[in-house]
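Asks: model_10.txt (compact mmCIF, C-alpha atoms) pasted underneath:
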```txt
# COMPACT_ATOMS: atom_id res chain seq x y z
CA MET G 1 -33.85 191.62 114.79
CA THR G 2 -37.30 192.65 116.03
CA ASP G 3 -39.74 195.36 115.06
CA SER G 4 -41.52 197.79 117.39
CA THR G 5 -44.11 195.14 118.32
CA GLY G 6 -41.47 192.60 119.34
CA ILE G 7 -42.02 190.29 116.36
CA ARG G 8 -38.88 188.82 114.84
CA VAL G 9 -38.32 190.10 111.32
CA THR G 10 -35.81 189.51 108.52
CA ALA G 11 -33.45 192.17 107.22
CA MET G 12 -36.13 193.21 104.72
CA GLY G 13 -38.68 193.72 107.51
CA LEU G 14 -40.69 190.58 106.75
CA PRO G 15 -41.94 188.58 109.76
CA VAL G 16 -40.20 185.31 110.53
CA MET G 17 -42.58 182.37 110.68
CA LEU G 18 -42.22 180.80 114.09
CA ILE G 19 -45.03 178.26 113.79
CA LYS G 20 -44.10 174.96 112.20
CA GLU G 21 -46.39 173.62 109.48
CA ASN G 22 -48.60 170.68 110.38
CA ASN G 23 -46.44 167.94 108.89
CA MET G 24 -47.67 164.38 109.06
CA ASN G 25 -45.34 161.45 109.32
CA ALA G 26 -45.93 157.92 108.13
CA ALA G 27 -46.12 156.44 111.63
CA ASP G 28 -49.05 158.73 112.53
CA LEU G 29 -50.82 157.86 109.29
CA ARG G 30 -50.36 154.11 109.72
CA ALA G 31 -52.14 154.33 113.07
CA LYS G 32 -55.27 155.69 111.38
CA THR G 33 -58.08 153.61 109.88
CA PRO G 34 -58.67 153.58 106.11
CA GLU G 35 -61.81 155.71 106.59
CA GLU G 36 -59.80 158.34 108.45
CA LEU G 37 -57.15 158.27 105.72
CA VAL G 38 -59.76 158.78 103.00
CA SER G 39 -61.16 161.71 104.97
CA GLU G 40 -57.65 163.16 105.34
CA LEU G 41 -57.05 162.74 101.61
CA GLU G 42 -60.29 164.59 100.79
CA THR G 43 -59.23 167.43 103.08
CA LEU G 44 -55.81 167.64 101.43
CA LYS G 45 -57.34 167.65 97.95
CA LYS G 46 -59.67 170.50 98.92
CA GLU G 47 -56.74 172.44 100.37
CA SER G 48 -54.73 171.77 97.21
CA PHE G 49 -57.56 173.13 95.07
CA ASN G 50 -57.84 176.24 97.24
CA LEU G 51 -54.09 176.81 97.07
CA ARG G 52 -54.08 176.45 93.27
CA PHE G 53 -56.97 178.90 93.06
CA GLN G 54 -55.16 181.38 95.29
CA GLY G 55 -52.03 181.00 93.19
CA ALA G 56 -53.94 181.66 89.98
CA THR G 57 -55.49 184.83 91.41
CA GLY G 58 -52.23 186.07 92.91
CA GLN G 59 -53.38 185.77 96.52
CA LEU G 60 -51.09 182.91 97.59
CA GLU G 61 -48.64 184.01 100.27
CA ASN G 62 -46.88 180.74 101.11
CA THR G 63 -46.04 179.02 97.83
CA SER G 64 -44.17 176.19 99.55
CA ARG G 65 -47.45 175.03 101.12
CA MET G 66 -48.54 173.73 97.69
CA ARG G 67 -45.59 171.36 97.62
CA THR G 68 -46.16 170.27 101.21
CA VAL G 69 -49.85 169.50 100.62
CA ARG G 70 -49.05 167.58 97.43
CA ARG G 71 -46.49 165.46 99.27
CA GLU G 72 -48.81 164.84 102.22
CA ALA G 73 -51.52 163.65 99.81
CA ALA G 74 -49.03 161.29 98.17
CA ARG G 75 -48.02 160.00 101.60
CA VAL G 76 -51.66 159.30 102.49
CA LYS G 77 -52.23 157.51 99.17
CA THR G 78 -49.15 155.36 99.76
CA ILE G 79 -50.35 154.30 103.22
CA LEU G 80 -53.83 153.54 101.81
CA ASN G 81 -52.27 151.34 99.11
CA GLU G 82 -50.13 149.56 101.71
CA LYS G 83 -53.20 148.85 103.81
CA ALA G 84 -55.13 147.62 100.76
CA ALA G 85 -52.27 145.29 99.77
CA ALA G 86 -52.04 143.94 103.32
CA ALA G 87 -55.79 143.30 103.39
CA ALA G 88 -55.64 141.51 100.03
CA ALA G 89 -52.74 139.34 101.18
CA GLU G 90 -54.71 138.06 104.18
```
Show the structure stored in the file as structure tokens.

Replies:
Amino acid sequence: MTDSTGIRVTAMGLPVMLIKENNMNAADLRAKTPEELVSELETLKKESFNLRFQGATGQLENTSRMRTVRREAARVKTILNEKAAAAAAE
């Protein structure tokens, strides 16, 4: 179903998101240096703060993004810990 502009919409008239979220996978993260991972983690924490703030003020449109950001941050922390353990073992 499309609207007059040609955008796909649901039965309720809401636009269908066609762009996939920027999901990171572990293989991509393992290829990065620890400095890049720390930078990525800082970015994710800032985004998490902004999303929480938007949620508190009622301006958050995509509530599932909070969960995605939280999981991506956990993934980055896991890879950082793996790299630290590997460095300590050497």

Asks: Can you list, as number ranges by chain, every protein, DNA or RNA residue that comes within 8 Å of Ala73 of chain G when you count only C-alpha atoms, leaving out same-chain residues fewer than 6 positions away?

Replies: G: 41, 44-45

Asks: Please, could you write that set of residues out with C-alpha atoms as a PDB file, in the coordinates of the input?

Replies:
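After the write, part_14.pdb holds the following:
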```pdb
ATOM      1  CA  LEU G  41     -57.050 162.740 101.610  1.00  0.00           C
ATOM      2  CA  LEU G  44     -55.810 167.640 101.430  1.00  0.00           C
ATOM      3  CA  LYS G  45     -57.340 167.650  97.950  1.00  0.00           C
TER       4      LYS G  45
END
```

Asks: May I ask for the distance between atom CA of Pro34 of chain G and atom CA of Ala89 of chain G, given in Å to one decimal place?

Replies: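 Distance reported for this atom pair: 16.2 Å.
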
Asks: Might you pull out every residue within 7 Å of segment 60-68 of chain G, with only C-alpha atoms counted and same-chain residues fewer than 3 positions away left off, and present them as a list in words?

Replies: Ser48, Leu51, Gln54, Gly55, Arg71 and Glu72 of chain G

Asks: Those same residues, written as a compact mmCIF listing (two decimals), keeping the file's coordinate frame with C-alpha atoms?

Replies:
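Saved file out-v4.txt follows:
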```txt
# COMPACT_ATOMS: atom_id res chain seq x y z
CA SER G 48 -54.73 171.77 97.21
CA LEU G 51 -54.09 176.81 97.07
CA GLN G 54 -55.16 181.38 95.29
CA GLY G 55 -52.03 181.00 93.19
CA ARG G 71 -46.49 165.46 99.27
CA GLU G 72 -48.81 164.84 102.22
```
